[in-house]
$ cat model10.csv   # CSV, C-alpha atoms
chain,number,residue,atom,x,y,z
Q,1,MET,CA,30.8,38.1,67.0
Q,2,HIS,CA,32.3,34.7,66.0
Q,3,SER,CA,28.9,33.0,66.6
Q,4,ALA,CA,27.1,35.6,64.5
Q,5,VAL,CA,29.5,35.0,61.6
Q,6,GLN,CA,29.0,31.3,61.8
Q,7,LEU,CA,25.2,31.7,61.8
Q,8,LEU,CA,25.3,34.0,58.7
Q,9,THR,CA,27.6,31.5,57.0
Q,10,ARG,CA,25.2,28.6,57.7
Q,11,LEU,CA,22.2,30.7,56.5
Q,12,ALA,CA,24.1,31.7,53.3
Q,13,THR,CA,25.0,28.1,52.6
Q,14,ALA,CA,21.4,26.9,53.2
Q,15,GLN,CA,20.1,29.6,50.9
Q,16,ALA,CA,22.6,28.6,48.1
Q,17,GLN,CA,21.6,25.0,48.5
Q,18,ARG,CA,17.9,25.8,48.1
Q,19,GLN,CA,18.7,27.9,45.0
Q,20,ASN,CA,20.7,25.0,43.5
Q,21,ILE,CA,17.9,22.5,44.2
Q,22,GLY,CA,15.4,25.0,42.7
Q,23,ALA,CA,17.5,25.4,39.6
Q,24,ALA,CA,17.9,21.6,39.2
Q,25,ASP,CA,14.1,21.2,39.6
Q,26,LYS,CA,13.5,23.9,37.0
Q,27,SER,CA,16.0,22.3,34.7
Q,28,ILE,CA,14.4,18.9,35.0
Q,29,SER,CA,10.9,20.4,34.5
Q,30,ALA,CA,12.1,22.2,31.4
Q,31,ARG,CA,13.6,19.0,29.9
Q,32,VAL,CA,10.3,17.1,30.5
Q,33,HIS,CA,8.4,20.0,29.0
Q,34,ASP,CA,10.6,20.0,25.9
Q,35,PHE,CA,10.4,16.2,25.6
Q,36,ILE,CA,6.6,16.3,25.6
Q,37,ASN,CA,6.4,19.3,23.2
Q,38,LEU,CA,8.5,17.3,20.7
Q,39,ASP,CA,5.4,15.1,20.3
Q,40,SER,CA,6.9,12.0,21.9
Q,41,PRO,CA,4.4,9.1,21.8
Q,42,VAL,CA,2.6,7.5,24.7
Q,43,PHE,CA,2.5,3.8,25.4
Q,44,THR,CA,-0.3,2.3,27.6
Q,45,GLY,CA,0.4,-1.4,27.4
Q,46,SER,CA,-3.4,-2.0,27.0
Q,47,ASP,CA,-4.1,-1.0,23.4
Q,48,PRO,CA,-3.6,-3.9,20.9
Q,49,LYS,CA,-3.0,-1.4,18.2
Q,50,GLU,CA,0.1,-0.1,19.9
Q,51,ASP,CA,3.4,-1.1,18.5
Q,52,PRO,CA,6.2,-1.4,21.1
Q,53,GLN,CA,8.9,-1.2,18.6
Q,54,THR,CA,7.5,2.0,17.1
Q,55,PHE,CA,7.2,3.5,20.6
Q,56,ILE,CA,10.9,2.8,21.3
Q,57,ASP,CA,12.1,4.0,17.9
Q,58,GLN,CA,10.1,7.3,18.0
Q,59,VAL,CA,11.1,8.0,21.6
Q,60,HIS,CA,14.7,7.3,20.8
Q,61,ARG,CA,14.7,9.7,17.9
Q,62,THR,CA,13.2,12.4,20.2
Q,63,LEU,CA,15.8,11.8,22.8
Q,64,ARG,CA,18.6,12.0,20.2
Q,65,VAL,CA,17.3,15.4,19.1
Q,66,MET,CA,17.4,16.5,22.8
Q,67,HIS,CA,20.9,15.0,23.2
Q,68,ALA,CA,19.7,13.2,26.3
Q,69,SER,CA,22.1,11.1,28.3
Q,70,ASP,CA,21.5,7.3,28.6
Q,71,THR,CA,20.2,7.7,32.1
Q,72,GLU,CA,18.1,10.8,31.4
Q,73,ALA,CA,16.6,8.9,28.4
Q,74,VAL,CA,15.1,6.3,30.7
Q,75,GLU,CA,13.7,8.9,33.0
Q,76,LEU,CA,12.1,10.9,30.2
Q,77,ALA,CA,10.7,7.8,28.4
Q,78,SER,CA,9.1,6.7,31.7
Q,79,TYR,CA,7.0,9.9,31.6
Q,80,ARG,CA,5.3,8.6,28.4
Q,81,LEU,CA,4.2,5.3,29.9
Q,82,GLN,CA,0.6,5.2,31.1
Q,83,TYR,CA,-1.9,2.7,32.6
Q,84,LEU,CA,-0.6,-0.9,32.6
Q,85,ALA,CA,2.8,0.2,31.2
Q,86,VAL,CA,3.4,2.2,34.4
Q,87,PHE,CA,2.8,-0.9,36.5
Q,88,TRP,CA,5.3,-2.8,34.3
Q,89,TYR,CA,7.9,-0.1,34.7
Q,90,ASP,CA,7.5,0.1,38.5
Q,91,SER,CA,7.8,-3.7,38.7
Q,92,TRP,CA,10.9,-3.6,36.5
Q,93,GLU,CA,12.5,-0.9,38.5
Q,94,ARG,CA,12.0,-2.9,41.7
Q,95,SER,CA,13.4,-6.0,40.1
Q,96,ARG,CA,16.7,-4.2,39.6
Q,97,GLY,CA,17.2,-4.1,43.3
Q,98,PRO,CA,17.4,-1.2,45.8
Q,99,ASN,CA,21.1,-0.6,45.2
Q,100,ALA,CA,21.2,-0.8,41.4
Q,101,PRO,CA,22.8,2.1,39.5
Q,102,PRO,CA,20.5,4.3,37.4
Q,103,ALA,CA,19.1,2.4,34.4
Q,104,MET,CA,20.7,3.0,31.0
Q,105,TRP,CA,18.7,3.3,27.8
Q,106,LYS,CA,19.9,0.0,26.3
Q,107,GLU,CA,18.9,-1.9,29.5
Q,108,PHE,CA,15.5,-0.3,29.6
Q,109,SER,CA,14.7,-0.6,25.9
Q,110,GLU,CA,15.7,-4.3,25.8
Q,111,ALA,CA,13.6,-5.1,28.9
Q,112,PHE,CA,10.6,-3.2,27.5
Q,113,LEU,CA,10.8,-5.0,24.1
Q,114,ARG,CA,11.2,-8.4,25.8
Q,115,HIS,CA,8.0,-7.8,27.8
Q,116,TYR,CA,5.9,-6.2,25.1
Q,117,LEU,CA,7.3,-7.8,21.9
Q,118,PRO,CA,7.7,-11.5,22.7
Q,119,VAL,CA,10.5,-13.3,20.9
Q,120,GLU,CA,8.0,-15.4,18.9
Q,121,ILE,CA,6.7,-12.2,17.3
Q,122,ARG,CA,10.2,-10.8,16.6
Q,123,ARG,CA,11.2,-14.1,15.0
Q,124,ALA,CA,8.1,-14.1,12.8
Q,125,ARG,CA,8.8,-10.6,11.6
Q,126,ALA,CA,12.5,-11.4,11.0
Q,127,ASP,CA,11.4,-14.4,8.9
Q,128,LYS,CA,9.0,-12.1,7.0
Q,129,LEU,CA,11.9,-9.7,6.3
Q,130,LEU,CA,14.0,-12.6,5.1
Q,131,ASN,CA,11.3,-13.7,2.7
Q,132,LEU,CA,10.2,-10.3,1.6
Q,133,ARG,CA,10.0,-9.9,-2.2
Q,134,GLN,CA,9.0,-6.9,-4.3
Q,135,GLY,CA,6.6,-8.9,-6.4
Q,136,ASN,CA,4.1,-6.6,-8.1
Q,137,ILE,CA,4.5,-3.6,-5.8
Q,138,SER,CA,6.6,-0.6,-6.5
Q,139,VAL,CA,10.1,-0.1,-5.3
Q,140,ARG,CA,8.9,2.7,-3.1
Q,141,GLU,CA,6.4,0.4,-1.4
Q,142,TYR,CA,8.8,-2.4,-1.1
Q,143,SER,CA,11.4,-0.1,0.5
Q,144,MET,CA,8.8,1.0,3.1
Q,145,GLN,CA,8.0,-2.6,4.0
Q,146,PHE,CA,11.6,-3.5,4.1
Q,147,ASP,CA,12.5,-0.6,6.5
Q,148,SER,CA,9.6,-1.3,8.7
Q,149,LEU,CA,10.4,-5.0,9.1
Q,150,ALA,CA,14.2,-4.4,9.5
Q,151,ARG,CA,13.5,-2.7,12.8
Q,152,TYR,CA,12.4,-6.0,14.3
Q,153,ALA,CA,15.6,-7.8,13.1
Q,154,PRO,CA,18.6,-5.6,13.9
Q,155,HIS,CA,20.9,-8.6,14.1
Q,156,MET,CA,20.2,-9.3,10.4
Q,157,VAL,CA,21.0,-5.8,9.2
Q,158,ALA,CA,23.5,-4.6,11.7
Q,159,ALA,CA,26.2,-4.2,9.0
Q,160,MET,CA,25.2,-1.8,6.2
Q,161,SER,CA,26.5,-4.3,3.6
Q,162,ASP,CA,24.1,-6.9,4.9
Q,163,ARG,CA,21.2,-4.5,4.9
Q,164,VAL,CA,21.9,-3.5,1.3
Q,165,HIS,CA,22.3,-7.1,0.2
Q,166,LEU,CA,19.1,-8.3,1.8
Q,167,PHE,CA,17.2,-5.4,0.2
Q,168,MET,CA,18.6,-6.1,-3.2
Q,169,ASN,CA,17.8,-9.8,-2.9
Q,170,GLY,CA,14.1,-9.1,-2.8
Q,171,LEU,CA,14.0,-6.8,-5.8
Q,172,GLU,CA,12.5,-7.8,-9.1
Q,173,PRO,CA,15.1,-9.7,-11.3
Q,174,HIS,CA,15.3,-6.9,-13.9
Q,175,LEU,CA,16.6,-4.5,-11.2
Q,176,ILE,CA,18.9,-6.8,-9.3
Q,177,ASN,CA,21.9,-6.9,-11.8
Q,178,GLU,CA,22.2,-3.1,-12.1
Q,179,CYS,CA,21.7,-2.6,-8.3
Q,180,THR,CA,24.3,-5.2,-7.6
Q,181,THR,CA,26.9,-3.3,-9.6
Q,182,ALA,CA,25.9,-0.1,-7.9
Q,183,SER,CA,26.2,-1.7,-4.5
Q,184,LEU,CA,29.9,-2.2,-5.1
Q,185,VAL,CA,30.5,1.5,-4.8
Q,186,LYS,CA,32.5,2.2,-1.6
Q,187,GLY,CA,30.3,3.4,1.2
Q,188,MET,CA,27.0,2.4,-0.4
Q,189,HIS,CA,24.1,3.1,2.0
Q,190,ILE,CA,20.6,1.6,2.1
Q,191,SER,CA,18.9,4.9,1.3
Q,192,ARG,CA,21.1,5.4,-1.8
Q,193,ILE,CA,20.5,1.9,-3.2
Q,194,GLN,CA,16.8,2.4,-2.6
Q,195,ASP,CA,16.8,5.7,-4.4
Q,196,TYR,CA,18.8,4.1,-7.2
Q,197,ALA,CA,16.4,1.2,-7.6
Q,198,GLN,CA,13.5,3.6,-7.6
Q,199,THR,CA,15.2,5.7,-10.3
Q,200,LEU,CA,15.8,2.5,-12.4
Q,201,GLU,CA,12.2,1.5,-12.1
Q,202,ASP,CA,10.9,4.9,-13.0
Q,203,SER,CA,13.2,5.0,-16.0
Q,204,LYS,CA,12.1,1.5,-17.2
Q,205,ARG,CA,8.5,2.5,-16.7
Q,206,GLN,CA,9.0,5.6,-18.8
Q,207,GLN,CA,10.7,3.7,-21.5
Q,208,ARG,CA,7.8,1.2,-21.8
Q,209,ALA,CA,5.3,4.1,-21.9
Q,210,ASP,CA,7.3,5.8,-24.7
Q,211,ARG,CA,7.4,2.6,-26.7
Q,212,GLU,CA,3.7,2.1,-26.3
Q,213,HIS,CA,3.1,5.7,-27.3
Q,214,ASP,CA,5.3,5.2,-30.5
Q,215,MET,CA,3.4,2.0,-31.4
Q,216,GLY,CA,0.1,3.7,-30.9
$ encode --input "model10.csv" --output "structure tokens"
Amino acid sequence: MHSAVQLLTRLATAQAQRQNIGAADKSISARVHDFINLDSPVFTGSDPKEDPQTFIDQVHRTLRVMHASDTEAVELASYRLQYLAVFWYDSWERSRGPNAPPAMWKEFSEAFLRHYLPVEIRRARADKLLNLRQGNISVREYSMQFDSLARYAPHMVAAMSDRVHLFMNGLEPHLINECTTASLVKGMHISRIQDYAQTLEDSKRQQRADREHDMG
């Protein structure tokens, strides 16, 4: 009788373990499915048109929507690597050593960008951001260029006040004074100062159009 009870106990334990493993596999599969359905990008490492920074940024946004943990983020991102990028990832994983803890997102993303976005390119784009001026383009277009380049120079715009100041510095002179005053408002954010500059430009353009209409 005692032996029979022990056998039933072992069978019940084994069945529970199998169910738990199955549930875990199903959960992982569901997470991967959700990740792919959120239209996360693919990176091959062989297409010169691919932008490594854009891949990291877009994947990171998707992972934030999913509330993925730092370690889960790396696992999910690796599903979107193809062709040569897979070889890089496998090599990078091996370089961490057999006893290394699970990779975290920061470690993965920095290693990825070091490999696919050389420091020379990042410096060149940081310099382009530093020298960016509105010139004869609209505030809207200038804002888009600014935001795009700022991704490659996070050290230059880490503080919101620095980001706002750098943006204003490239505006046309007739917009800088009023934007500088607005930037002194507590908690000023880059999106707010961009909207404000756009509103100023639209207003000044409308005033010129009205004057021309009156003169005509």
$ closest_residue --input "model10.csv" --among "Q:Pro48, Q:Ser203, Q:Pro41, Q:Gln53" --to "Ala77 in chain Q" --atoms "only C-alpha atoms"
Q:Pro41
$ closest_residue --input "model10.csv" --among "Q:Val74, Q:Leu184, Q:Ile176, Q:Ala68" --to "Val139 in chain Q" --atoms "only C-alpha atoms"
Q:Ile176
$ atom_distance --input "model10.csv" --atom1 "CA of Asp195 in chain Q" --atom2 "CA of Arg163 in chain Q"
14.5 Å
$ closest_residue --input "model10.csv" --among "Q:Leu130, Q:Ile193, Q:Cys179, Q:Val59" --to "Asp39 in chain Q" --atoms "all atoms listed in the file"
Q:Val59
$ closest_residue --input "model10.csv" --among "Q:Tyr79, Q:Trp88, Q:Tyr142, Q:Trp105" --to "Asp57 in chain Q" --atoms "all atoms listed in the file"
Q:Trp105
$ closest_residue --input "model10.csv" --among "Q:Val32, Q:Glu141, Q:Pro52, Q:Pro102" --to "Arg114 in chain Q" --atoms "all atoms listed in the file"
Q:Pro52
$ atom_distance --input "model10.csv" --atom1 "CA of Ala111 in chain Q" --atom2 "CA of Leu149 in chain Q"
20.1 Å
$ residues_around --input "model10.csv" --residues "range 116-123 of chain Q" --least-positions-apart "3" --cutoff "8 Å" --atoms "only C-alpha atoms" --output "ChimeraX atom specification"
/Q:45,52-53,112-113,126-127,152-153
$ decode --input "model10.csv" --residues "range 117-161 of chain Q" --atoms "N, CA and C atoms" --output "compact mmCIF listing (two decimals), in the first residue's frame"
# COMPACT_ATOMS: atom_id res chain seq x y z
N LEU Q 117 26.84 50.25 -35.77
CA LEU Q 117 26.88 51.70 -35.94
C LEU Q 117 28.20 52.19 -35.36
N PRO Q 118 29.28 52.09 -36.13
CA PRO Q 118 30.61 52.43 -35.64
C PRO Q 118 30.67 53.83 -35.03
N VAL Q 119 31.62 54.00 -34.13
CA VAL Q 119 31.74 55.26 -33.41
C VAL Q 119 31.97 56.44 -34.35
N GLU Q 120 32.63 56.21 -35.48
CA GLU Q 120 32.89 57.29 -36.43
C GLU Q 120 31.58 57.84 -36.99
N ILE Q 121 30.65 56.93 -37.29
CA ILE Q 121 29.36 57.36 -37.83
C ILE Q 121 28.57 58.10 -36.76
N ARG Q 122 28.59 57.59 -35.54
CA ARG Q 122 27.86 58.26 -34.46
C ARG Q 122 28.41 59.66 -34.20
N ARG Q 123 29.73 59.79 -34.25
CA ARG Q 123 30.33 61.11 -34.05
C ARG Q 123 29.95 62.07 -35.18
N ALA Q 124 29.93 61.55 -36.39
CA ALA Q 124 29.56 62.40 -37.54
C ALA Q 124 28.13 62.90 -37.42
N ARG Q 125 27.24 62.02 -36.96
CA ARG Q 125 25.84 62.43 -36.82
C ARG Q 125 25.64 63.35 -35.62
N ALA Q 126 26.45 63.14 -34.58
CA ALA Q 126 26.40 64.05 -33.43
C ALA Q 126 26.88 65.44 -33.85
N ASP Q 127 27.92 65.49 -34.67
CA ASP Q 127 28.41 66.78 -35.19
C ASP Q 127 27.35 67.45 -36.07
N LYS Q 128 26.65 66.64 -36.84
CA LYS Q 128 25.61 67.18 -37.71
C LYS Q 128 24.48 67.78 -36.87
N LEU Q 129 24.17 67.13 -35.76
CA LEU Q 129 23.15 67.66 -34.85
C LEU Q 129 23.61 68.98 -34.26
N LEU Q 130 24.86 69.02 -33.84
CA LEU Q 130 25.41 70.22 -33.21
C LEU Q 130 25.39 71.41 -34.17
N ASN Q 131 25.57 71.14 -35.46
CA ASN Q 131 25.64 72.20 -36.46
C ASN Q 131 24.33 72.41 -37.22
N LEU Q 132 23.29 71.67 -36.82
CA LEU Q 132 22.02 71.76 -37.53
C LEU Q 132 21.38 73.14 -37.36
N ARG Q 133 20.95 73.73 -38.46
CA ARG Q 133 20.28 75.03 -38.45
C ARG Q 133 19.00 74.95 -39.29
N GLN Q 134 18.03 75.73 -38.90
CA GLN Q 134 16.76 75.71 -39.62
C GLN Q 134 16.92 76.21 -41.04
N GLY Q 135 17.64 77.29 -41.21
CA GLY Q 135 17.83 77.82 -42.55
C GLY Q 135 16.52 78.17 -43.23
N ASN Q 136 16.34 77.68 -44.45
CA ASN Q 136 15.14 78.03 -45.21
C ASN Q 136 14.07 76.94 -45.18
N ILE Q 137 14.18 76.01 -44.23
CA ILE Q 137 13.15 74.98 -44.10
C ILE Q 137 12.18 75.38 -43.00
N SER Q 138 11.04 74.71 -42.94
CA SER Q 138 10.03 75.02 -41.93
C SER Q 138 10.45 74.50 -40.56
N VAL Q 139 9.83 75.03 -39.53
CA VAL Q 139 10.08 74.54 -38.17
C VAL Q 139 9.73 73.06 -38.08
N ARG Q 140 8.67 72.67 -38.74
CA ARG Q 140 8.26 71.26 -38.69
C ARG Q 140 9.35 70.34 -39.25
N GLU Q 141 9.89 70.71 -40.40
CA GLU Q 141 10.95 69.89 -41.01
C GLU Q 141 12.23 69.94 -40.17
N TYR Q 142 12.54 71.11 -39.66
CA TYR Q 142 13.71 71.24 -38.79
C TYR Q 142 13.55 70.36 -37.54
N SER Q 143 12.35 70.34 -36.96
CA SER Q 143 12.10 69.52 -35.77
C SER Q 143 12.28 68.04 -36.07
N MET Q 144 11.82 67.62 -37.24
CA MET Q 144 11.96 66.22 -37.63
C MET Q 144 13.43 65.84 -37.78
N GLN Q 145 14.21 66.70 -38.42
CA GLN Q 145 15.64 66.43 -38.57
C GLN Q 145 16.34 66.41 -37.21
N PHE Q 146 15.96 67.34 -36.36
CA PHE Q 146 16.56 67.41 -35.02
C PHE Q 146 16.28 66.13 -34.24
N ASP Q 147 15.03 65.70 -34.21
CA ASP Q 147 14.67 64.50 -33.46
C ASP Q 147 15.37 63.26 -34.00
N SER Q 148 15.50 63.20 -35.32
CA SER Q 148 16.15 62.05 -35.94
C SER Q 148 17.63 61.97 -35.56
N LEU Q 149 18.32 63.11 -35.62
CA LEU Q 149 19.75 63.14 -35.31
C LEU Q 149 20.01 62.98 -33.82
N ALA Q 150 19.09 63.46 -32.99
CA ALA Q 150 19.28 63.39 -31.53
C ALA Q 150 19.38 61.95 -31.05
N ARG Q 151 18.81 61.00 -31.79
CA ARG Q 151 18.88 59.59 -31.39
C ARG Q 151 20.31 59.07 -31.39
N TYR Q 152 21.16 59.68 -32.22
CA TYR Q 152 22.54 59.21 -32.34
C TYR Q 152 23.48 59.90 -31.35
N ALA Q 153 22.96 60.86 -30.61
CA ALA Q 153 23.80 61.60 -29.66
C ALA Q 153 23.10 61.75 -28.32
N PRO Q 154 22.75 60.65 -27.68
CA PRO Q 154 22.00 60.74 -26.41
C PRO Q 154 22.77 61.49 -25.33
N HIS Q 155 24.11 61.45 -25.39
CA HIS Q 155 24.92 62.14 -24.38
C HIS Q 155 24.77 63.66 -24.49
N MET Q 156 24.41 64.15 -25.67
CA MET Q 156 24.28 65.59 -25.87
C MET Q 156 22.92 66.12 -25.43
N VAL Q 157 21.94 65.23 -25.39
CA VAL Q 157 20.57 65.66 -25.08
C VAL Q 157 19.98 64.85 -23.93
N ALA Q 158 20.83 64.35 -23.06
CA ALA Q 158 20.35 63.53 -21.95
C ALA Q 158 19.42 64.33 -21.03
N ALA Q 159 19.81 65.57 -20.75
CA ALA Q 159 18.97 66.45 -19.93
C ALA Q 159 18.00 67.20 -20.84
N MET Q 160 16.74 67.30 -20.42
CA MET Q 160 15.75 67.96 -21.26
C MET Q 160 16.12 69.42 -21.53
N SER Q 161 16.71 70.08 -20.54
CA SER Q 161 17.10 71.47 -20.73
C SER Q 161 18.15 71.60 -21.84
